[in-house]
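The file work_29.txt comes next; it holds compact mmCIF, C-alpha atoms (C1' of nucleotides).
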# COMPACT_ATOMS: atom_id res chain seq x y z
CA MET A 1 -15.63 17.49 16.99
CA THR A 2 -15.27 13.75 17.15
CA THR A 3 -12.17 12.26 15.55
CA ARG A 4 -13.44 9.62 13.16
CA THR A 5 -11.31 6.80 11.81
CA PRO A 6 -10.13 7.95 8.39
CA ASP A 7 -11.61 6.33 5.32
CA THR A 8 -9.29 5.20 2.54
CA GLY A 9 -10.16 8.39 0.65
CA ASP A 10 -8.65 10.49 3.43
CA MET A 11 -5.41 8.57 3.66
CA LEU A 12 -2.27 9.83 1.97
CA CYS A 13 -0.79 6.35 2.18
CA PHE A 14 -3.70 4.92 0.20
CA ALA A 15 -3.46 7.72 -2.36
CA LEU A 16 0.18 6.75 -2.90
CA TYR A 17 -0.56 3.03 -2.86
CA SER A 18 -3.38 3.28 -5.41
CA ALA A 19 -1.58 5.85 -7.56
CA SER A 20 1.48 3.65 -7.74
CA HIS A 21 -0.63 0.67 -8.79
CA ALA A 22 -2.44 2.81 -11.34
CA MET A 23 0.94 3.80 -12.79
CA THR A 24 1.99 0.17 -13.03
CA ARG A 25 -1.27 -0.64 -14.81
CA LEU A 26 -0.64 2.22 -17.20
CA TYR A 27 2.89 0.96 -17.94
CA ARG A 28 1.97 -2.71 -18.30
CA PRO A 29 0.53 -2.65 -21.82
CA LEU A 30 3.29 -0.27 -22.93
CA LEU A 31 6.12 -2.40 -21.55
CA ALA A 32 4.68 -5.83 -22.38
CA PRO A 33 5.58 -5.52 -26.10
CA LEU A 34 9.18 -4.92 -24.97
CA GLY A 35 9.04 -8.03 -22.78
CA LEU A 36 9.43 -5.93 -19.63
CA THR A 37 7.70 -5.65 -16.29
CA TYR A 38 7.73 -2.32 -14.49
CA PRO A 39 10.46 -3.23 -11.97
CA GLN A 40 12.57 -4.64 -14.81
CA TYR A 41 12.10 -1.34 -16.64
CA LEU A 42 13.39 0.48 -13.55
CA VAL A 43 16.52 -1.67 -13.57
CA LEU A 44 17.12 -0.79 -17.22
CA VAL A 45 16.63 2.92 -16.50
CA SER A 46 19.25 2.63 -13.76
CA LEU A 47 21.68 0.84 -16.04
CA TRP A 48 21.13 3.26 -18.93
CA ALA A 49 22.21 6.02 -16.57
CA GLN A 50 25.19 4.00 -15.33
CA ASP A 51 26.06 0.59 -16.67
CA GLY A 52 27.94 -2.12 -14.81
CA ARG A 53 26.54 -1.48 -11.37
CA SER A 54 26.61 -4.05 -8.61
CA VAL A 55 23.51 -5.65 -7.17
CA ARG A 56 24.03 -3.60 -4.03
CA GLU A 57 24.22 -0.34 -5.96
CA LEU A 58 21.06 -1.18 -7.88
CA GLY A 59 19.40 -2.04 -4.60
CA GLU A 60 20.32 1.34 -3.15
CA GLU A 61 19.01 3.18 -6.19
CA LEU A 62 15.72 1.27 -6.31
CA ALA A 63 15.31 0.60 -2.59
CA LEU A 64 15.19 -3.16 -3.13
CA GLU A 65 17.00 -5.98 -1.35
CA SER A 66 18.92 -8.83 -2.91
CA ASN A 67 16.05 -11.19 -2.12
CA THR A 68 14.00 -9.20 -4.65
CA LEU A 69 16.75 -8.27 -7.09
CA THR A 70 18.54 -11.59 -7.49
CA PRO A 71 15.61 -13.49 -9.01
CA LEU A 72 14.50 -10.40 -10.97
CA LEU A 73 17.97 -10.00 -12.47
CA LYS A 74 18.12 -13.70 -13.28
CA ARG A 75 14.91 -13.34 -15.26
CA MET A 76 16.35 -10.35 -17.09
CA GLU A 77 19.51 -12.32 -17.82
CA GLU A 78 17.35 -15.18 -19.06
CA SER A 79 15.61 -12.83 -21.50
CA GLY A 80 18.94 -11.53 -22.75
CA LEU A 81 18.74 -7.96 -21.46
CA ILE A 82 21.68 -8.04 -19.03
CA THR A 83 24.66 -10.11 -17.96
CA ARG A 84 25.64 -10.93 -14.38
CA ALA A 85 29.28 -11.53 -13.53
CA ARG A 86 31.28 -11.78 -10.33
CA SER A 87 33.83 -9.00 -9.98
CA SER A 88 37.40 -10.24 -10.20
CA GLU A 89 38.50 -7.60 -7.69
CA ASP A 90 35.94 -8.60 -5.09
CA GLU A 91 34.39 -11.99 -5.57
CA ARG A 92 31.42 -11.04 -3.38
CA VAL A 93 30.25 -8.44 -5.85
CA VAL A 94 28.09 -9.22 -8.88
CA GLN A 95 28.31 -6.68 -11.69
CA VAL A 96 25.21 -6.18 -13.80
CA SER A 97 25.79 -5.01 -17.37
CA LEU A 98 23.57 -4.23 -20.32
CA THR A 99 23.65 -6.45 -23.36
CA GLU A 100 23.25 -5.08 -26.87
CA LYS A 101 19.57 -5.94 -26.59
CA GLY A 102 19.23 -4.20 -23.24
CA SER A 103 20.90 -1.04 -24.56
CA ALA A 104 18.78 -1.08 -27.68
CA LEU A 105 15.54 -0.83 -25.73
CA ARG A 106 16.49 2.67 -24.65
CA SER A 107 15.03 4.36 -27.70
CA GLU A 108 11.81 2.36 -27.44
CA ALA A 109 11.53 3.39 -23.81
CA GLU A 110 11.56 7.07 -24.70
CA LYS A 111 8.27 6.59 -26.50
CA VAL A 112 6.86 4.97 -23.37
CA THR A 113 8.04 7.91 -21.28
CA ALA A 114 6.31 10.35 -23.59
CA CYS A 115 3.13 8.31 -23.47
CA VAL A 116 3.09 8.21 -19.68
CA PHE A 117 3.77 11.93 -19.45
CA GLU A 118 0.82 12.54 -21.74
CA ALA A 119 -1.39 10.32 -19.58
CA SER A 120 -0.48 12.21 -16.42
CA GLY A 121 -2.26 15.30 -17.75
CA LEU A 122 0.29 17.48 -15.94
CA SER A 123 2.56 20.21 -17.26
CA LEU A 124 6.28 19.63 -16.92
CA ASP A 125 6.35 22.13 -14.08
CA GLU A 126 3.45 20.57 -12.22
CA LEU A 127 4.92 17.13 -12.69
CA GLY A 128 8.29 18.24 -11.38
CA ARG A 129 6.79 19.91 -8.37
CA LEU A 130 4.60 16.94 -7.46
CA ARG A 131 7.50 14.54 -7.97
CA ASN A 132 9.68 16.59 -5.65
CA GLU A 133 7.03 16.66 -2.95
CA VAL A 134 6.46 12.92 -3.16
CA ARG A 135 10.20 12.28 -3.15
CA ALA A 136 10.71 14.53 -0.13
CA LEU A 137 7.99 12.65 1.75
CA ARG A 138 9.53 9.32 0.77
CA ASP A 139 12.97 10.40 1.96
CA ARG A 140 11.59 11.68 5.25
CA ILE A 141 9.84 8.36 5.87
CA ALA A 142 12.71 6.23 4.65
CA ALA A 143 15.03 8.01 7.06
CA LEU A 144 12.94 6.69 9.97
CA VAL A 145 12.85 3.09 8.83
CA MET B 1 19.58 20.68 -25.66
CA THR B 2 19.57 16.91 -26.03
CA THR B 3 16.68 15.01 -24.49
CA ARG B 4 18.29 12.46 -22.19
CA THR B 5 16.59 9.34 -20.94
CA PRO B 6 15.28 10.18 -17.50
CA ASP B 7 16.97 8.70 -14.48
CA THR B 8 14.83 7.16 -11.75
CA GLY B 9 15.25 10.37 -9.76
CA ASP B 10 13.43 12.33 -12.46
CA MET B 11 10.50 9.97 -12.75
CA LEU B 12 7.21 10.71 -11.04
CA CYS B 13 6.23 7.06 -11.38
CA PHE B 14 9.32 6.00 -9.44
CA ALA B 15 8.69 8.65 -6.80
CA LEU B 16 5.22 7.15 -6.30
CA TYR B 17 6.48 3.57 -6.44
CA SER B 18 9.23 4.13 -3.90
CA ALA B 19 7.11 6.36 -1.66
CA SER B 20 4.38 3.73 -1.57
CA HIS B 21 6.88 1.05 -0.61
CA ALA B 22 8.40 3.33 2.01
CA MET B 23 4.90 3.78 3.48
CA THR B 24 4.37 0.03 3.59
CA ARG B 25 7.72 -0.38 5.36
CA LEU B 26 6.69 2.29 7.85
CA TYR B 27 3.39 0.54 8.53
CA ARG B 28 4.79 -2.98 8.77
CA PRO B 29 6.23 -2.84 12.29
CA LEU B 30 3.18 -0.90 13.48
CA LEU B 31 0.68 -3.37 12.02
CA ALA B 32 2.59 -6.58 12.74
CA PRO B 33 1.66 -6.52 16.46
CA LEU B 34 -1.99 -6.41 15.35
CA GLY B 35 -1.42 -9.38 13.06
CA LEU B 36 -2.11 -7.26 9.98
CA THR B 37 -0.46 -6.62 6.66
CA TYR B 38 -0.96 -3.26 4.97
CA PRO B 39 -3.53 -4.47 2.41
CA GLN B 40 -5.41 -6.25 5.19
CA TYR B 41 -5.40 -2.99 7.14
CA LEU B 42 -6.94 -1.27 4.12
CA VAL B 43 -9.73 -3.85 4.05
CA LEU B 44 -10.44 -3.17 7.73
CA VAL B 45 -10.48 0.59 7.13
CA SER B 46 -13.03 0.02 4.37
CA LEU B 47 -15.18 -2.16 6.59
CA TRP B 48 -14.97 0.20 9.56
CA ALA B 49 -16.44 2.86 7.29
CA GLN B 50 -19.10 0.50 5.96
CA ASP B 51 -19.48 -3.05 7.19
CA GLY B 52 -20.95 -5.94 5.24
CA ARG B 53 -19.68 -5.00 1.83
CA SER B 54 -19.40 -7.46 -1.01
CA VAL B 55 -16.09 -8.54 -2.50
CA ARG B 56 -16.89 -6.50 -5.58
CA GLU B 57 -17.55 -3.35 -3.54
CA LEU B 58 -14.31 -3.80 -1.63
CA GLY B 59 -12.55 -4.29 -4.93
CA GLU B 60 -13.95 -1.03 -6.27
CA GLU B 61 -12.90 0.87 -3.16
CA LEU B 62 -9.38 -0.55 -3.11
CA ALA B 63 -8.89 -1.03 -6.85
CA LEU B 64 -8.24 -4.74 -6.43
CA GLU B 65 -9.63 -7.75 -8.30
CA SER B 66 -11.14 -10.87 -6.84
CA ASN B 67 -7.97 -12.78 -7.69
CA THR B 68 -6.22 -10.61 -5.11
CA LEU B 69 -9.05 -10.17 -2.63
CA THR B 70 -10.35 -13.72 -2.37
CA PRO B 71 -7.16 -15.23 -0.90
CA LEU B 72 -6.50 -12.09 1.17
CA LEU B 73 -9.99 -12.24 2.68
CA LYS B 74 -9.60 -15.94 3.35
CA ARG B 75 -6.47 -15.21 5.36
CA MET B 76 -8.34 -12.51 7.28
CA GLU B 77 -11.17 -14.93 7.93
CA GLU B 78 -8.62 -17.50 9.07
CA SER B 79 -7.23 -15.01 11.60
CA GLY B 80 -10.70 -14.23 12.89
CA LEU B 81 -11.02 -10.64 11.70
CA ILE B 82 -13.92 -11.05 9.28
CA THR B 83 -16.58 -13.49 8.12
CA ARG B 84 -17.43 -14.31 4.52
CA ALA B 85 -20.96 -15.38 3.64
CA ARG B 86 -22.90 -15.81 0.41
CA SER B 87 -25.79 -13.39 0.11
CA SER B 88 -29.17 -15.11 0.30
CA GLU B 89 -30.62 -12.58 -2.13
CA ASP B 90 -27.96 -13.16 -4.76
CA GLU B 91 -25.96 -16.32 -4.38
CA ARG B 92 -23.15 -14.91 -6.53
CA VAL B 93 -22.35 -12.23 -3.96
CA VAL B 94 -20.10 -12.81 -0.95
CA GLN B 95 -20.68 -10.40 1.95
CA VAL B 96 -17.69 -9.54 4.09
CA SER B 97 -18.41 -8.60 7.70
CA LEU B 98 -16.33 -7.59 10.68
CA THR B 99 -16.08 -9.90 13.65
CA GLU B 100 -15.87 -8.62 17.21
CA LYS B 101 -12.12 -8.94 16.91
CA GLY B 102 -12.03 -7.05 13.62
CA SER B 103 -14.11 -4.21 15.03
CA ALA B 104 -12.01 -4.04 18.17
CA LEU B 105 -8.84 -3.29 16.24
CA ARG B 106 -10.29 0.08 15.26
CA SER B 107 -9.07 1.86 18.38
CA GLU B 108 -5.60 0.36 18.05
CA ALA B 109 -5.49 1.53 14.47
CA GLU B 110 -6.03 5.14 15.48
CA LYS B 111 -2.70 5.06 17.28
CA VAL B 112 -1.09 3.76 14.11
CA THR B 113 -2.68 6.57 12.11
CA ALA B 114 -1.30 9.15 14.52
CA CYS B 115 2.14 7.58 14.33
CA VAL B 116 2.18 7.63 10.54
CA PHE B 117 0.99 11.22 10.44
CA GLU B 118 3.82 12.14 12.75
CA ALA B 119 6.32 10.34 10.52
CA SER B 120 5.15 12.19 7.43
CA GLY B 121 6.47 15.44 8.87
CA LEU B 122 3.63 17.31 7.14
CA SER B 123 1.02 19.64 8.54
CA LEU B 124 -2.60 18.57 8.18
CA ASP B 125 -3.02 21.14 5.41
CA GLU B 126 0.07 20.07 3.51
CA LEU B 127 -0.90 16.43 3.84
CA GLY B 128 -4.39 17.12 2.58
CA ARG B 129 -3.16 19.09 -0.37
CA LEU B 130 -0.56 16.48 -1.39
CA ARG B 131 -3.09 13.69 -0.96
CA ASN B 132 -5.56 15.50 -3.22
CA GLU B 133 -2.96 16.02 -5.91
CA VAL B 134 -1.86 12.38 -5.84
CA ARG B 135 -5.48 11.26 -5.87
CA ALA B 136 -6.30 13.50 -8.82
CA LEU B 137 -3.36 12.08 -10.74
CA ARG B 138 -4.40 8.54 -9.89
CA ASP B 139 -7.97 9.17 -11.04
CA ARG B 140 -6.79 10.74 -14.28
CA ILE B 141 -4.58 7.72 -15.01
CA ALA B 142 -7.13 5.15 -13.88
CA ALA B 143 -9.69 6.67 -16.24
CA LEU B 144 -7.44 5.77 -19.17
CA VAL B 145 -6.83 2.19 -18.16
C1' DG C 1 -39.54 -20.60 -20.42
C1' DA C 2 -35.28 -21.93 -22.81
C1' DA C 3 -31.14 -20.17 -24.72
C1' DA C 4 -27.86 -16.41 -24.86
C1' DT C 5 -25.65 -13.02 -22.18
C1' DA C 6 -23.86 -10.84 -18.13
C1' DT C 7 -22.07 -10.75 -13.53
C1' DA C 8 -19.68 -12.40 -9.02
C1' DA C 9 -16.29 -14.87 -7.06
C1' DA C 10 -12.83 -18.38 -7.24
C1' DT C 11 -8.78 -20.69 -9.27
C1' DC C 12 -4.24 -20.94 -11.49
C1' DG C 13 0.31 -19.37 -12.67
C1' DC C 14 3.87 -15.95 -12.47
C1' DG C 15 6.43 -11.98 -10.82
C1' DC C 16 7.42 -9.03 -7.40
C1' DA C 17 8.54 -7.51 -2.11
C1' DC C 18 10.53 -8.76 2.04
C1' DG C 19 11.72 -11.05 6.74
C1' DA C 20 14.87 -14.48 8.02
C1' DT C 21 18.75 -17.02 7.21
C1' DC C 22 22.97 -18.74 4.90
C1' DA C 23 27.58 -19.21 2.46
C1' DA C 24 31.43 -17.07 0.81
C1' DA C 25 34.66 -13.42 0.45
C1' DT C 26 36.86 -9.53 2.52
C1' DC C 27 38.28 -6.51 6.20
C1' DG C 28 40.02 -5.13 10.69
C1' DC C 29 42.92 -5.50 14.16
C1' DA C 30 45.14 -7.52 18.06
C1' DT D 1 49.36 -13.73 10.78
C1' DG D 2 45.20 -15.35 12.18
C1' DC D 3 40.53 -14.93 13.61
C1' DG D 4 36.27 -12.54 14.53
C1' DA D 5 33.29 -9.10 12.38
C1' DT D 6 31.44 -7.22 8.24
C1' DT D 7 29.84 -7.20 3.59
C1' DT D 8 27.70 -9.23 -0.56
C1' DG D 9 24.62 -11.94 -2.79
C1' DA D 10 21.73 -16.06 -2.73
C1' DT D 11 18.00 -18.97 -0.82
C1' DC D 12 13.54 -19.95 1.32
C1' DG D 13 8.82 -19.08 2.68
C1' DT D 14 4.78 -16.04 2.69
C1' DG D 15 1.72 -12.52 0.99
C1' DC D 16 0.30 -9.63 -2.36
C1' DG D 17 -1.13 -8.06 -7.56
C1' DC D 18 -2.91 -9.43 -11.74
C1' DG D 19 -3.79 -11.70 -16.56
C1' DA D 20 -6.38 -15.52 -17.98
C1' DT D 21 -9.71 -18.75 -17.21
C1' DT D 22 -13.54 -21.26 -14.77
C1' DT D 23 -17.81 -22.07 -12.14
C1' DA D 24 -22.06 -20.69 -10.50
C1' DT D 25 -25.82 -17.69 -10.41
C1' DA D 26 -28.74 -14.10 -12.30
C1' DT D 27 -30.67 -11.41 -16.13
C1' DT D 28 -32.11 -10.59 -20.76
C1' DT D 29 -34.16 -11.72 -24.96
C1' DC D 30 -36.75 -13.93 -28.06
Whole structure given in structure tokens:
Amino acid sequence: MTTRTPDTGDMLCFALYSASHAMTRLYRPLLAPLGLTYPQYLVLVSLWAQDGRSVRELGEELALESNTLTPLLKRMEESGLITRARSSEDERVVQVSLTEKGSALRSEAEKVTACVFEASGLSLDELGRLRNEVRALRDRIAALV
Amino acid sequence: MTTRTPDTGDMLCFALYSASHAMTRLYRPLLAPLGLTYPQYLVLVSLWAQDGRSVRELGEELALESNTLTPLLKRMEESGLITRARSSEDERVVQVSLTEKGSALRSEAEKVTACVFEASGLSLDELGRLRNEVRALRDRIAALV
DNA sequence: GAAATATAAATCGCGCACGATCAAATCGCA
DNA sequence: TGCGATTTGATCGTGCGCGATTTATATTTC
């Protein structure tokens, strides 16, 4: 009948917002012993898949701008996880590379992954399906912005 | 065969993280003309549903602590959207109430809602189903933390 | 009814996000 | 070849999120 203003419980955007924060809260105590924040963990995941990427490439993968990444990467350099170096071919580009320490965290991170999967309470199939739906929505929205 | 470290594309947590940020980016230009950020919009949505809530109640609804809400609410008070007043019954409690201006934004917000629904590219049914799945996941995770 | 405990909000410090802007390097092309 | 346009990353300011702590008020317990 009457269209009422949606409550937060009705809003998909709030479901995503609060679920994302819940995930970060779940990760925090698991990553803290490794000296990592969640966004820093994402950078490592990206570099484990492909080392030596530029700031721009990392930004494309993670949907973050240099104004976010530059200070974040400096902190990661400070804690000895990565190195940052200007490319000799193109002096504009900064290559980000894993250190020994950054590479070594990979095996620790697999335990974290397992722990988070457990916490989700989903089967691999369910998780994959939900992830694909959320990703599809994200891509549809991102294409507009 | 071998279990490889998941890439960001495989991770449900990253799907949620990036989808949530994409949503915020979608909302930003729609809310900016109203002088609102996305979290401030969420506070208004909560208050439109039930005015005069305490900081604690808002925090429960939005899953935010007073260290986030207090400064946020002060900014909203500053911009004339809400009032903050100590309860006379319990001096610890701060009641948050909509001003005329805060109430008036409700009709504007419905246009924003429609615009975001459009951008999602989902049917009402699909949206509802996805929202319920994301919410269920969030609640399962939040129960552990 | 005084001391111990619990609860509500505020404060502080740090790490994201991001709009706006800037400096430097490279590219394009007349 | 030279000069404007583009690309890359950095810088700055503001607004969240949140762990840790503090202050003030209320409740419990003895």
Write out, as CSV, each residue of chain C that has an atom at most 9 Å from chain B, together with the closest pair of atoms and their distance in Å to one decimal, counting all atoms listed in the file, rows going by chain and rising number.
residue,atom,partner,partner_atom,distance
C:DT7,C1',B:Arg92,CA,8.2
C:DA8,C1',B:Arg92,CA,5.0
C:DA9,C1',B:Ser66,CA,6.5
C:DA10,C1',B:Thr70,CA,7.2
C:DT11,C1',B:Asn67,CA,8.1
C:DA17,C1',B:His21,CA,8.8
How would chain B read as an mmCIF file with C-alpha atoms, in the coordinates of the input once least-squares superposed on chain A using all paired C-alpha atoms?
data_model
loop_
_atom_site.group_PDB
_atom_site.id
_atom_site.type_symbol
_atom_site.label_atom_id
_atom_site.label_comp_id
_atom_site.auth_asym_id
_atom_site.auth_seq_id
_atom_site.Cartn_x
_atom_site.Cartn_y
_atom_site.Cartn_z
ATOM 1 C CA MET B 1 -15.859 17.434 16.912
ATOM 2 C CA THR B 2 -15.316 13.692 17.152
ATOM 3 C CA THR B 3 -12.192 12.273 15.552
ATOM 4 C CA ARG B 4 -13.434 9.602 13.163
ATOM 5 C CA THR B 5 -11.315 6.797 11.810
ATOM 6 C CA PRO B 6 -10.147 7.931 8.403
ATOM 7 C CA ASP B 7 -11.621 6.332 5.331
ATOM 8 C CA THR B 8 -9.294 5.204 2.553
ATOM 9 C CA GLY B 9 -10.169 8.389 0.674
ATOM 10 C CA ASP B 10 -8.635 10.492 3.443
ATOM 11 C CA MET B 11 -5.401 8.560 3.657
ATOM 12 C CA LEU B 12 -2.253 9.815 1.979
ATOM 13 C CA CYS B 13 -0.767 6.330 2.194
ATOM 14 C CA PHE B 14 -3.683 4.912 0.214
ATOM 15 C CA ALA B 15 -3.442 7.713 -2.332
ATOM 16 C CA LEU B 16 0.204 6.736 -2.878
ATOM 17 C CA TYR B 17 -0.538 3.011 -2.863
ATOM 18 C CA SER B 18 -3.348 3.264 -5.387
ATOM 19 C CA ALA B 19 -1.571 5.847 -7.545
ATOM 20 C CA SER B 20 1.502 3.632 -7.721
ATOM 21 C CA HIS B 21 -0.598 0.661 -8.777
ATOM 22 C CA ALA B 22 -2.432 2.793 -11.319
ATOM 23 C CA MET B 23 0.965 3.782 -12.767
ATOM 24 C CA THR B 24 2.018 0.150 -13.005
ATOM 25 C CA ARG B 25 -1.247 -0.667 -14.794
ATOM 26 C CA LEU B 26 -0.611 2.205 -17.189
ATOM 27 C CA TYR B 27 2.900 0.962 -17.923
ATOM 28 C CA ARG B 28 2.010 -2.710 -18.286
ATOM 29 C CA PRO B 29 0.553 -2.654 -21.802
ATOM 30 C CA LEU B 30 3.295 -0.263 -22.919
ATOM 31 C CA LEU B 31 6.123 -2.405 -21.541
ATOM 32 C CA ALA B 32 4.683 -5.825 -22.374
ATOM 33 C CA PRO B 33 5.583 -5.507 -26.088
ATOM 34 C CA LEU B 34 9.185 -4.922 -24.969
ATOM 35 C CA GLY B 35 9.046 -8.019 -22.783
ATOM 36 C CA LEU B 36 9.440 -5.930 -19.631
ATOM 37 C CA THR B 37 7.727 -5.643 -16.294
ATOM 38 C CA TYR B 38 7.754 -2.306 -14.489
ATOM 39 C CA PRO B 39 10.477 -3.229 -11.967
ATOM 40 C CA GLN B 40 12.580 -4.630 -14.804
ATOM 41 C CA TYR B 41 12.104 -1.339 -16.640
ATOM 42 C CA LEU B 42 13.396 0.477 -13.561
ATOM 43 C CA VAL B 43 16.522 -1.685 -13.575
ATOM 44 C CA LEU B 44 17.118 -0.786 -17.228
ATOM 45 C CA VAL B 45 16.629 2.919 -16.499
ATOM 46 C CA SER B 46 19.243 2.621 -13.756
ATOM 47 C CA LEU B 47 21.671 0.843 -16.046
ATOM 48 C CA TRP B 48 21.121 3.250 -18.933
ATOM 49 C CA ALA B 49 22.209 6.011 -16.571
ATOM 50 C CA GLN B 50 25.179 4.006 -15.318
ATOM 51 C CA ASP B 51 26.052 0.589 -16.669
ATOM 52 C CA GLY B 52 27.921 -2.130 -14.817
ATOM 53 C CA ARG B 53 26.542 -1.496 -11.379
ATOM 54 C CA SER B 54 26.621 -4.066 -8.625
ATOM 55 C CA VAL B 55 23.501 -5.653 -7.179
ATOM 56 C CA ARG B 56 24.015 -3.627 -4.029
ATOM 57 C CA GLU B 57 24.218 -0.348 -5.959
ATOM 58 C CA LEU B 58 21.068 -1.184 -7.889
ATOM 59 C CA GLY B 59 19.405 -2.030 -4.610
ATOM 60 C CA GLU B 60 20.335 1.347 -3.157
ATOM 61 C CA GLU B 61 19.018 3.185 -6.201
ATOM 62 C CA LEU B 62 15.733 1.285 -6.306
ATOM 63 C CA ALA B 63 15.328 0.613 -2.586
ATOM 64 C CA LEU B 64 15.206 -3.135 -3.134
ATOM 65 C CA GLU B 65 17.012 -5.981 -1.366
ATOM 66 C CA SER B 66 18.943 -8.805 -2.930
ATOM 67 C CA ASN B 67 16.076 -11.171 -2.152
ATOM 68 C CA THR B 68 14.030 -9.182 -4.658
ATOM 69 C CA LEU B 69 16.761 -8.263 -7.117
ATOM 70 C CA THR B 70 18.548 -11.583 -7.497
ATOM 71 C CA PRO B 71 15.598 -13.476 -9.023
ATOM 72 C CA LEU B 72 14.496 -10.392 -10.985
ATOM 73 C CA LEU B 73 17.967 -9.996 -12.493
ATOM 74 C CA LYS B 74 18.100 -13.689 -13.291
ATOM 75 C CA ARG B 75 14.892 -13.339 -15.280
ATOM 76 C CA MET B 76 16.357 -10.338 -17.103
ATOM 77 C CA GLU B 77 19.498 -12.311 -17.831
ATOM 78 C CA GLU B 78 17.332 -15.175 -19.063
ATOM 79 C CA SER B 79 15.597 -12.820 -21.508
ATOM 80 C CA GLY B 80 18.918 -11.515 -22.765
ATOM 81 C CA LEU B 81 18.732 -7.959 -21.451
ATOM 82 C CA ILE B 82 21.669 -8.038 -19.042
ATOM 83 C CA THR B 83 24.650 -10.117 -17.962
ATOM 84 C CA ARG B 84 25.619 -10.932 -14.391
ATOM 85 C CA ALA B 85 29.267 -11.523 -13.542
ATOM 86 C CA ARG B 86 31.259 -11.786 -10.326
ATOM 87 C CA SER B 87 33.779 -8.994 -9.938
ATOM 88 C CA SER B 88 37.368 -10.213 -10.181
ATOM 89 C CA GLU B 89 38.454 -7.588 -7.663
ATOM 90 C CA ASP B 90 35.911 -8.627 -5.059
ATOM 91 C CA GLU B 91 34.375 -12.023 -5.551
ATOM 92 C CA ARG B 92 31.401 -11.098 -3.358
ATOM 93 C CA VAL B 93 30.223 -8.471 -5.836
ATOM 94 C CA VAL B 94 28.068 -9.259 -8.868
ATOM 95 C CA GLN B 95 28.293 -6.693 -11.683
ATOM 96 C CA VAL B 96 25.205 -6.191 -13.797
ATOM 97 C CA SER B 97 25.774 -5.035 -17.371
ATOM 98 C CA LEU B 98 23.563 -4.227 -20.318
ATOM 99 C CA THR B 99 23.631 -6.446 -23.366
ATOM 100 C CA GLU B 100 23.232 -5.087 -26.880
ATOM 101 C CA LYS B 101 19.565 -5.943 -26.598
ATOM 102 C CA GLY B 102 19.220 -4.199 -23.245
ATOM 103 C CA SER B 103 20.874 -1.047 -24.553
ATOM 104 C CA ALA B 104 18.761 -1.067 -27.689
ATOM 105 C CA LEU B 105 15.523 -0.838 -25.740
ATOM 106 C CA ARG B 106 16.487 2.667 -24.642
ATOM 107 C CA SER B 107 15.018 4.363 -27.701
ATOM 108 C CA GLU B 108 11.795 2.378 -27.429
ATOM 109 C CA ALA B 109 11.533 3.397 -23.811
ATOM 110 C CA GLU B 110 11.555 7.080 -24.695
ATOM 111 C CA LYS B 111 8.264 6.593 -26.502
ATOM 112 C CA VAL B 112 6.864 4.971 -23.382
ATOM 113 C CA THR B 113 8.048 7.907 -21.283
ATOM 114 C CA ALA B 114 6.310 10.348 -23.606
ATOM 115 C CA CYS B 115 3.127 8.303 -23.476
ATOM 116 C CA VAL B 116 3.092 8.217 -19.686
ATOM 117 C CA PHE B 117 3.764 11.933 -19.461
ATOM 118 C CA GLU B 118 0.826 12.523 -21.743
ATOM 119 C CA ALA B 119 -1.389 10.313 -19.580
ATOM 120 C CA SER B 120 -0.481 12.203 -16.426
ATOM 121 C CA GLY B 121 -2.251 15.282 -17.756
ATOM 122 C CA LEU B 122 0.303 17.473 -15.958
ATOM 123 C CA SER B 123 2.554 20.194 -17.272
ATOM 124 C CA LEU B 124 6.289 19.634 -16.943
ATOM 125 C CA ASP B 125 6.352 22.141 -14.086
ATOM 126 C CA GLU B 126 3.449 20.581 -12.229
ATOM 127 C CA LEU B 127 4.922 17.128 -12.682
ATOM 128 C CA GLY B 128 8.284 18.260 -11.393
ATOM 129 C CA ARG B 129 6.798 19.934 -8.380
ATOM 130 C CA LEU B 130 4.595 16.950 -7.454
ATOM 131 C CA ARG B 131 7.492 14.561 -7.976
ATOM 132 C CA ASN B 132 9.689 16.623 -5.651
ATOM 133 C CA GLU B 133 7.050 16.679 -2.949
ATOM 134 C CA VAL B 134 6.474 12.925 -3.146
ATOM 135 C CA ARG B 135 10.216 12.326 -3.148
ATOM 136 C CA ALA B 136 10.721 14.557 -0.121
ATOM 137 C CA LEU B 137 8.017 12.671 1.744
ATOM 138 C CA ARG B 138 9.543 9.345 0.774
ATOM 139 C CA ASP B 139 12.992 10.432 1.951
ATOM 140 C CA ARG B 140 11.613 11.708 5.241
ATOM 141 C CA ILE B 141 9.853 8.383 5.863
ATOM 142 C CA ALA B 142 12.736 6.239 4.650
ATOM 143 C CA ALA B 143 15.064 8.023 7.065
ATOM 144 C CA LEU B 144 12.973 6.714 9.959
ATOM 145 C CA VAL B 145 12.870 3.121 8.825
#
Specify as a ChimeraX atom specification all residues of chain A found within 6 Å of chain B, counting all atoms listed in the file.
-> /A:12,15-17,19-20,22,131,135,138,142
Draw an axis-aligned box tight on the listed atoms of segment 17-24 of chain D, then pad every side by 3 Å and write out centre and edge lengths in Å to one decimal as lines of an AutoDock Vina configuration file.
center_x = -11.6
center_y = -15.1
center_z = -12.8
size_x = 26.9
size_y = 20.0
size_z = 16.4
Test item: chain D residues at most 8 Å from chain A, counting all atoms listed in the file, as a VMD selection string | chain D and resid 8 to 10
To one decimal place, how far is atom CA of Ser88 of chain A from atom CA of Gly52 of chain A in Å?
-> 13.3 Å
For DG19 of chain C: contacts at 10 Å, only C-alpha atoms (C1' of nucleotides), fewer than 2 positions along chain excluded, given as a JSON list (two decimals) with C-alpha atoms (C1' of nucleotides), in the coordinates of the input:
[["chain", "number", "residue", "atom", "x", "y", "z"],
["A", 67, "ASN", "CA", 16.05, -11.19, -2.12],
["C", 21, "DT", "C1'", 18.75, -17.02, 7.21],
["D", 13, "DG", "C1'", 8.82, -19.08, 2.68],
["D", 14, "DT", "C1'", 4.78, -16.04, 2.69]]
